[in-house]
Structure formats: C-alpha cells, structure tokens
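Contents: one structure, followed by commentary.
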Amino acid sequence: MHLESPDPVPTYDVAIVGTGPAGSTAARLLAEGGARVALLDKAALPRYKTCGGGVLGRAYRRLPEAADLAVEREFRTIALNFLSGGPTLSATRPEPLVHMTMRPELDHRLALAARDAGAELVESCPIRRISETADGVTLESDTRRFQARFVIGADGIHSVVAKAGGWSDLPHLAPALEWEVTVAPGDFARIQDDARFDFDVIESGYAWVFPKHDHLSIGILSVTPRYRDLQKRLEEYMSRFPLGEIVKIERHGWLIPLAPRREPLARGRILLVGDAAGLVDPITAEGISNSLLSGQLAATALLESRFDPATAANRYLSLLRPAILNELRAARFLARFLYHHPRLRAWAFRHHGQRLTDFVADIAMGDRGYCGTLLNSASYLKLLRC
Ligand SMILES: Cc1cc2nc3c(=O)[nH]c(=O)nc-3n(C[C@H](O)[C@H](O)[C@H](O)COP(=O)(O)OP(=O)(O)OC[C@H]3O[C@@H](n4cnc5c(N)ncnc54)[C@H](O)[C@@H]3O)c2cc1C
C-alpha cells in the first residue's frame with residue numbers, strides 16, 4: 001500500500017487516537033492551550049457507540065456547552081429496584097442525576113467542539129501502526145502518516161496505542177448488552193418517565209432502562225468476564241415489563257473495562273485515557289466521567305510540562321492517582337460487596353437502602369467520592385448506620 005502523504009509529513013504537538021469523550025476532551029483542551037493537535041478516528045462521524053448514553057451529573061459538569069444539544073432527557077430522580085422481593089428505592093436531587101444522550105450525537109458534538117477550538121479532526125482514518133522515535137511518534141493508517149511529539153491513546157478497549165506501547169491486556173472486561181428498543185407511542189408514554197437500575201436480574205450485575213427522546217435504551221451487564229447467558233437474561237428482564245408492541249429493536253453488545261491496565265498509564269511519549277486505560281467505575285460501570293476527567297488530566301499534564309517527555313508522563317500519573325486511580329481502588333473493594341455477596345447486599349439494602357441509594361446519588365453528582373467514604377471509617381460506619 002502506498003502512503004499518500006507527500007513530504008513533509010504533518011507534524012503536531014499531540015496526536016490523539018479516538019474521538020470518544022476522552023479523546024475529544026483532551027483535543028479540545030490542548031487546542032485551547034495553544035497546542036497543535038490532530039484528532040483521529042477510524043470512523044466517519046457520527047458513528048454508533050454501544051453505550052447507555054447516561055451522562056451522570058458528575059460527568060455533565062465536565063462537558064462543553066455545545067454538548068447540551070445532545071441531551072435528550074434529564075432525570076432528577078433515579079430508581080434502584082431489587083426485583084426478588086427487595087426494596088424499591090429512589091433518590092432525587094435538584095439538578096439532574098443523569099442526562100440521557102445518544103452517543104453518536106454526543107461524541108460528534110464533542111469532536112466538533114475540539115475542531116472549533118483548533119484541533120484538526122481526521123475521520124475515516126484507522127491507525128494501524130505507531131512507532132516511537134527519539135524526538136517523537138509516528139502514526140500510520142493505510143494511506144496516511146502523522147508525526148507528533150506525543151500520542152494520546154483514547155481508542156477504547158482494543159487500543160492499538162496501548163498495544164504499540166507494550167501495555168499488557170486490560171485485566172477485567174465485563175460483557176454488556178445495549179438494545180435500542182422502539183415501542184408503540186402509547187406504550188412509550190407509559191414507560192418514559194422512569195430511569196431505572198434493576199438488581200437481582202442477573203447474579204453479578206444489573207439491568208437498566210434509559211428512556212430517550214423517542215425510544216428506550218435497555219441494557220444489562222455482568223461483572224463476570226465471559227458470562228454466557230447475557231442475552232437470555234436481558235430477554236427475561238424485558239418480559240417482566242409490559243413493554244407492549246415492539247416496533248423496532250437494534251441489538252448491540254460490547255465490553256466494559258472494570259479495572260485499569262496493570263502498568264503505569266503513561267510511558268515515554270504515550271499517555272492512555274478513558275477505556276483504553278481501563279478507567280470505568282466498577283460499581284456503576286459508568287465510564288464517561290473518567291473518560292472526560294482523564295482526557296482533561298492528560299491535556300493538563302502535557303501543557304504544564306511544555307511537552308517535555310521527561311516530566312509529562314510523571315505529571316499525568318501524579319494527577320491520575322488521587323483523582324481517579326485511588327477512587328477506582330476503593331470502588332473495586334465496594335463492588336466486591338455489591339456484586340459477589342448477594343445476601344449481604346440484600347440485607348444492607350433492606351435495612352439501610354435509602355442511605356445507600358443517597359450515597360449512590362451523591363457519587364453520581366460528584367458530591368462524594370468512594371475513597372473518602374472508605375478511608376474515613378466513621379463515615380463508612382455512618383453509611384450503614386452501624
Ligand atoms: C453496553 C454499555 C453501556 C454503557 N453505558 C454507559 C452509560 O450509560 N454511561 C456511561 O458513563 N458509560 C457507559 N458505558 C461505558 C462507556 O461507553 C465508555 O466508558 C466510554 O465510551 C469510554 O469512552 P472513551 O472516550 O474512552 O472511548 P470510546 O467511546 O470507546 O471511543 C473510542 C474511539 O476510538 C476510535 N478508535 C478505535 N480504534 C481506533 C484506531 N485504530 N484508529 C482510530 N480510531 C480508533 C473508535 O472509533 C471510537 O470513536 C457503557 C458501556 C457499554 C459497553
């Protein structure tokens with residue numbers, strides 16, 4: 001295959017692979033900081049992304065204004081339901097706990113915001129090879145070549161950037177299904193007012209119904225890697241609701257990285273962000289918040305270090321640790337209790353359900369963190385009113 005690129009090969013301060021929330025956020029902030037940025041994606045935008053599209057309050061705060069146009073619904077109340085005879089709980093906040101979006105629209109808006117800030121947006125450009133040299137990084141698709149001082153891997157769970165940088169595989173990938181379901185208008189009107197998270201549908205996981213503008217995003221996840229009966233469980237779950245006539249259904253499935261890669265998430269001239277790094281919250285399985293935050297931290301580290309390779313990686317790691325990695329460690333500890341000890345979970349939610357649901361709402365809004373709750377034993381005990 002001949003490379004189209006005439007000399008000289010375009011040169012950037014930072015090349016970012018992937019236009020999900022992580023990549024586009026990094027691109028926008030770097031461009032705003034005066035960096036020359038290439039934002040590359042293998043897809044033509046807008047592209048479908050398997051995702052519930054639920055943007056929690058804590059994530060919404062990090063979005064640029066332009067993303068508002070992608071918000072289809074807002075829910076100030078969320079319901080946690082324990083379907084095997086357990087409680088039905090809810091939490092309400094004055095600000096929306098969750099903003100419902102469709103990811104093609106949201107991600108397109110974020111990429112355009114990066115382009116408007118000055119990043120060069122290159123679509124339909126699957127990066128195949130990445131090589132590090134003494135003074136930069138070269139990225140190649142089948143037809144194009146780019147050079148940059150740094151590369152940010154924002155290319156999701158099968159990250160070519162992480163592979164090229166020698167990282168080991170993501171240690172915990174949880175299977176999840178997302179079905180986009182259109183029901184008859186009368187039935188939609190009946191169902192559309194509840195954003196629900198349902199437990200006891202599957203041994204170690206949960207299911208959800210996220211109402212969008214004109215359809216329902218219904219999904220399920222298992223925290224057990226390679227769980228086989230997911231489709232059956234989702235069909236059983238949907239049959240519990242009188243959904244009425246199903247007019248259209250689109251079935252999608254993907255994997256959620258519930259633990260970070262084992263090695264430090266920056267090496268030399270390569271930084272990993274979002275799903276490529278494995279930064280999804282292991283309790284809520286919500287990844288948009290940390291994608292936005294890690295994209296922001298990567299941009300901050302590069303700008304602060306003035307693109308000095310000796311300091312940029314260390315700066316990124318020192319920002320990630322308190323803001324995300326310590327939180328994820330605490331969350332993984334709590335997730336074990338939530339997903340692997342169903343009897344303890346049932347007891348806790350039967351006796352302290354409202355307190356725990358309020359805790360989840362505080363986490364969703366970013367008003368509390370897992371780490372503080374866990375490390376401060378007084379508040380941990382208060383959580384359970386022991
Ligand atoms: C079923 C399901 C439901 C979910 N629901 C929610 C939810 O409701 N709320 C929430 O917060 N999180 C949810 N998540 C998690 C969330 O989708 C991810 O955490 C989030 O999308 C990660 O964003 P990102 O920017 O890291 O990467 P991604 O959104 O995965 O984007 C990666 C981008 O990289 C591009 N790319 C990949 N390889 C290449 C390449 N070689 N060259 C160029 N481009 C490339 C892709 O085309 C893509 O655009 C869900 C996940 C699943 C699977």
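Here's how to read the names in the structure tokens: chain A, B, ... by the order shown, residue numbers from 1 in each chain, ligand numbers from 1 in the order shown.
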*What residues have any atom no more than 6 Å from ligand 1 when counting only C-alpha atoms and all ligand atoms, and can you list them as a PyMOL selection string?*
chain A and resi 17-23+40-43+50-55+125-128+154-156+159-160+176-178+253-256+274-276+280+286-289+291
Choose the residue, out of A:Ser305, A:Ser141, A:Thr357, A:Ser318, that has the smallest atom-to-atom separation from A:Leu265; count only C-alpha atoms.
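Ranked by minimum distance to A:Leu265, first place goes to A:Ser318.
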Neighbouring residues of A:Gly268 were defined as those with any atom within 10 Å, considering only C-alpha atoms; residues of the same chain fewer than 6 positions away were excluded. Please report them as a PyMOL selection string. chain A and resi 132+134+136+150-151+165+308-314
Could you dump the residues just selected with C-alpha atoms as a PDB file, in the first residue's frame?
```pdb
ATOM      1  CA  GLU A 132       8.286   5.938  18.907  1.00  0.00           C
ATOM      2  CA  ALA A 134      13.941   9.764  19.894  1.00  0.00           C
ATOM      3  CA  GLY A 136       8.555  11.990  18.520  1.00  0.00           C
ATOM      4  CA  PHE A 150       3.167  12.867  21.947  1.00  0.00           C
ATOM      5  CA  VAL A 151       0.314  10.454  21.319  1.00  0.00           C
ATOM      6  CA  GLY A 165       3.322   0.973  23.698  1.00  0.00           C
ATOM      7  CA  ASP A 308       8.848  17.753  27.925  1.00  0.00           C
ATOM      8  CA  PRO A 309       8.928  13.933  27.754  1.00  0.00           C
ATOM      9  CA  ALA A 310      10.886  13.662  30.985  1.00  0.00           C
ATOM     10  CA  THR A 311       8.145  15.352  33.015  1.00  0.00           C
ATOM     11  CA  ALA A 312       4.869  14.905  31.071  1.00  0.00           C
ATOM     12  CA  ALA A 313       4.327  11.215  31.867  1.00  0.00           C
ATOM     13  CA  ASN A 314       5.155  11.662  35.552  1.00  0.00           C
TER      14      ASN A 314
END
```
| request: Tell me, as a count of residues only, which residues lie within 12 Å of A:Thr101, counting only C-alpha atoms; anything in the same chain fewer than 6 positions away does not count. | output: 29
Exercise: A:Gln231 partners within 12 Å, only C-alpha atoms, chain neighbours under 4 positions left out, as a PDB file with C-alpha atoms, in the first residue's frame:
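So result31.pdb came out as:
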```
ATOM      1  CA  PRO A 175     -19.696  -8.128  28.914  1.00  0.00           C
ATOM      2  CA  ALA A 176     -22.703  -5.834  28.411  1.00  0.00           C
ATOM      3  CA  LEU A 177     -25.656  -5.592  26.040  1.00  0.00           C
ATOM      4  CA  GLU A 178     -27.406  -2.459  24.894  1.00  0.00           C
ATOM      5  CA  TRP A 179     -30.616  -2.768  22.901  1.00  0.00           C
ATOM      6  CA  VAL A 201     -31.936  -9.799  37.253  1.00  0.00           C
ATOM      7  CA  ILE A 202     -28.525 -11.400  36.917  1.00  0.00           C
ATOM      8  CA  ALA A 207     -30.011  -4.129  34.106  1.00  0.00           C
ATOM      9  CA  ILE A 218     -32.414  -1.193  27.596  1.00  0.00           C
ATOM     10  CA  GLY A 219     -29.302  -2.978  28.743  1.00  0.00           C
ATOM     11  CA  ILE A 220     -27.649  -5.447  31.055  1.00  0.00           C
ATOM     12  CA  LEU A 221     -24.132  -6.159  32.262  1.00  0.00           C
ATOM     13  CA  SER A 222     -22.374  -8.897  34.133  1.00  0.00           C
ATOM     14  CA  TYR A 227     -20.592 -14.563  31.125  1.00  0.00           C
ATOM     15  CA  GLU A 235     -34.906 -11.160  27.268  1.00  0.00           C
ATOM     16  CA  GLU A 236     -36.205 -12.379  30.654  1.00  0.00           C
ATOM     17  CA  TYR A 237     -35.777  -8.879  32.065  1.00  0.00           C
ATOM     18  CA  MET A 238     -37.692  -7.266  29.207  1.00  0.00           C
ATOM     19  CA  ARG A 251     -29.177  -5.259  19.391  1.00  0.00           C
ATOM     20  CA  HIS A 252     -25.610  -4.300  20.352  1.00  0.00           C
ATOM     21  CA  GLY A 253     -23.028  -5.763  22.714  1.00  0.00           C
TER      22      GLY A 253
END
```
ask   = Which distance in Å separates atom CA of A:Trp208 and atom CA of A:Asp229, to one decimal?
value =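 Taking atom CA of A:Trp208 as the start and atom CA of A:Asp229 as the end point, the length is 16.7 Å.
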**Asked** In stretch 160-361 of chain A, what's strand (DSSP E or B) per DSSP? Answer as a VMD selection string?
**Response** chain A and resid 173 to 183 196 to 199 205 to 211 216 to 222 246 to 257 266 to 267 270 to 272
Based on the selection just made, write N, CA and C atoms of those residues as a short mmCIF file (atom, residue, chain, number, x, y, z; two decimals), in the first residue's frame.
```cif
data_model
loop_
_atom_site.label_atom_id
_atom_site.label_comp_id
_atom_site.auth_asym_id
_atom_site.auth_seq_id
_atom_site.Cartn_x
_atom_site.Cartn_y
_atom_site.Cartn_z
N LEU A 173 -12.56 -7.36 31.77
CA LEU A 173 -13.53 -6.88 30.77
C LEU A 173 -14.88 -7.52 31.05
N ALA A 174 -15.88 -6.70 31.31
CA ALA A 174 -17.21 -7.19 31.66
C ALA A 174 -18.13 -7.10 30.44
N PRO A 175 -18.81 -8.19 30.08
CA PRO A 175 -19.70 -8.13 28.91
C PRO A 175 -20.98 -7.35 29.22
N ALA A 176 -21.47 -6.63 28.22
CA ALA A 176 -22.70 -5.83 28.41
C ALA A 176 -23.47 -5.79 27.10
N LEU A 177 -24.79 -5.74 27.22
CA LEU A 177 -25.66 -5.59 26.04
C LEU A 177 -26.42 -4.28 26.12
N GLU A 178 -26.64 -3.70 24.97
CA GLU A 178 -27.41 -2.46 24.89
C GLU A 178 -28.35 -2.61 23.71
N TRP A 179 -29.65 -2.63 23.98
CA TRP A 179 -30.62 -2.77 22.90
C TRP A 179 -31.41 -1.46 22.79
N GLU A 180 -31.49 -0.96 21.58
CA GLU A 180 -32.25 0.26 21.34
C GLU A 180 -33.66 -0.19 20.92
N VAL A 181 -34.66 0.09 21.78
CA VAL A 181 -35.99 -0.50 21.61
C VAL A 181 -37.03 0.59 21.36
N THR A 182 -37.70 0.49 20.23
CA THR A 182 -38.80 1.43 19.96
C THR A 182 -40.11 0.69 20.20
N VAL A 183 -40.94 1.27 21.06
CA VAL A 183 -42.26 0.67 21.33
C VAL A 183 -43.33 1.61 20.78
N ARG A 196 -34.43 3.59 35.33
CA ARG A 196 -34.34 2.58 36.38
C ARG A 196 -33.10 1.71 36.27
N PHE A 197 -32.61 1.32 37.44
CA PHE A 197 -31.48 0.41 37.57
C PHE A 197 -32.00 -0.78 38.37
N ASP A 198 -31.98 -1.97 37.77
CA ASP A 198 -32.61 -3.13 38.40
C ASP A 198 -31.60 -4.21 38.77
N PHE A 199 -31.64 -4.62 40.04
CA PHE A 199 -30.76 -5.68 40.52
C PHE A 199 -31.56 -6.98 40.65
N GLY A 205 -24.42 -8.33 38.54
CA GLY A 205 -24.55 -7.23 37.58
C GLY A 205 -25.89 -6.54 37.77
N TYR A 206 -26.29 -5.79 36.79
CA TYR A 206 -27.60 -5.14 36.86
C TYR A 206 -28.12 -4.85 35.46
N ALA A 207 -29.39 -4.47 35.39
CA ALA A 207 -30.01 -4.13 34.11
C ALA A 207 -30.58 -2.73 34.22
N TRP A 208 -30.84 -2.09 33.09
CA TRP A 208 -31.34 -0.72 33.13
C TRP A 208 -32.31 -0.44 32.01
N VAL A 209 -33.16 0.57 32.25
CA VAL A 209 -33.99 1.13 31.18
C VAL A 209 -33.74 2.64 31.19
N PHE A 210 -33.20 3.15 30.09
CA PHE A 210 -32.93 4.58 29.96
C PHE A 210 -33.83 5.14 28.86
N PRO A 211 -34.86 5.90 29.24
CA PRO A 211 -35.73 6.49 28.20
C PRO A 211 -35.00 7.62 27.47
N LEU A 216 -36.37 3.52 23.97
CA LEU A 216 -35.77 3.11 25.23
C LEU A 216 -34.42 2.44 24.96
N SER A 217 -33.40 2.83 25.73
CA SER A 217 -32.13 2.09 25.70
C SER A 217 -32.20 1.11 26.87
N ILE A 218 -32.27 -0.17 26.55
CA ILE A 218 -32.41 -1.19 27.60
C ILE A 218 -31.16 -2.06 27.57
N GLY A 219 -30.57 -2.25 28.75
CA GLY A 219 -29.30 -2.98 28.74
C GLY A 219 -29.09 -3.80 29.98
N ILE A 220 -28.01 -4.58 29.93
CA ILE A 220 -27.65 -5.45 31.05
C ILE A 220 -26.14 -5.65 31.03
N LEU A 221 -25.55 -5.83 32.21
CA LEU A 221 -24.13 -6.16 32.26
C LEU A 221 -23.89 -7.20 33.33
N SER A 222 -22.83 -7.97 33.11
CA SER A 222 -22.37 -8.90 34.13
C SER A 222 -20.94 -8.54 34.45
N ILE A 246 -43.45 -4.08 20.32
CA ILE A 246 -42.10 -3.62 19.96
C ILE A 246 -42.06 -3.33 18.46
N VAL A 247 -41.84 -2.06 18.14
CA VAL A 247 -41.88 -1.63 16.75
C VAL A 247 -40.54 -1.90 16.07
N LYS A 248 -39.46 -1.69 16.84
CA LYS A 248 -38.13 -1.87 16.27
C LYS A 248 -37.15 -2.20 17.39
N ILE A 249 -36.19 -3.03 17.09
CA ILE A 249 -35.18 -3.33 18.11
C ILE A 249 -33.81 -3.49 17.43
N GLU A 250 -32.82 -2.78 17.98
CA GLU A 250 -31.44 -2.91 17.46
C GLU A 250 -30.61 -3.46 18.59
N ARG A 251 -29.92 -4.58 18.32
CA ARG A 251 -29.18 -5.26 19.39
C ARG A 251 -27.68 -5.00 19.25
N HIS A 252 -27.06 -4.56 20.35
CA HIS A 252 -25.61 -4.30 20.35
C HIS A 252 -25.00 -4.90 21.62
N GLY A 253 -23.74 -5.26 21.53
CA GLY A 253 -23.03 -5.76 22.71
C GLY A 253 -21.58 -5.29 22.68
N TRP A 254 -20.99 -5.13 23.84
CA TRP A 254 -19.59 -4.67 23.90
C TRP A 254 -19.03 -5.04 25.26
N LEU A 255 -17.80 -4.64 25.53
CA LEU A 255 -17.15 -4.98 26.80
C LEU A 255 -16.82 -3.71 27.58
N ILE A 256 -16.91 -3.80 28.90
CA ILE A 256 -16.64 -2.64 29.76
C ILE A 256 -15.40 -2.94 30.60
N PRO A 257 -14.38 -2.07 30.52
CA PRO A 257 -13.15 -2.34 31.30
C PRO A 257 -13.29 -1.88 32.75
N ALA A 266 1.16 5.94 31.58
CA ALA A 266 1.92 6.80 30.67
C ALA A 266 3.34 6.26 30.61
N ARG A 267 3.88 6.27 29.39
CA ARG A 267 5.25 5.79 29.17
C ARG A 267 5.87 6.62 28.10
N ILE A 270 3.78 8.37 25.30
CA ILE A 270 2.42 7.82 25.12
C ILE A 270 1.63 7.92 26.43
N LEU A 271 0.42 8.48 26.34
CA LEU A 271 -0.49 8.56 27.50
C LEU A 271 -1.77 7.83 27.14
N LEU A 272 -2.31 7.05 28.06
CA LEU A 272 -3.59 6.37 27.83
C LEU A 272 -4.69 7.04 28.64
#
```
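Distances from A:Ala31, A:Pro225, A:Phe349, A:Arg129 to A:Asp116 were compared using only C-alpha atoms, and the smallest one belongs to A:Ala31.
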Subject >> Among the residues A:Arg28, A:Arg62, A:His352, A:Arg190, the one that comes closest to A:Ala113 [using only C-alpha atoms] >> reply: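 Among the listed residues, the smallest separation from A:Ala113 belongs to A:Arg28.
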**Those of stretch 258-368 of chain A in DSSP helix (DSSP H, G or I), formatted as an MDAnalysis selection string** = chainID A and resid 274:277 288:304 309:340 342:365
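Taking atom CA of A:Ile152 as the reference point, atom CA of A:Val273 is found at 7.1 Å.
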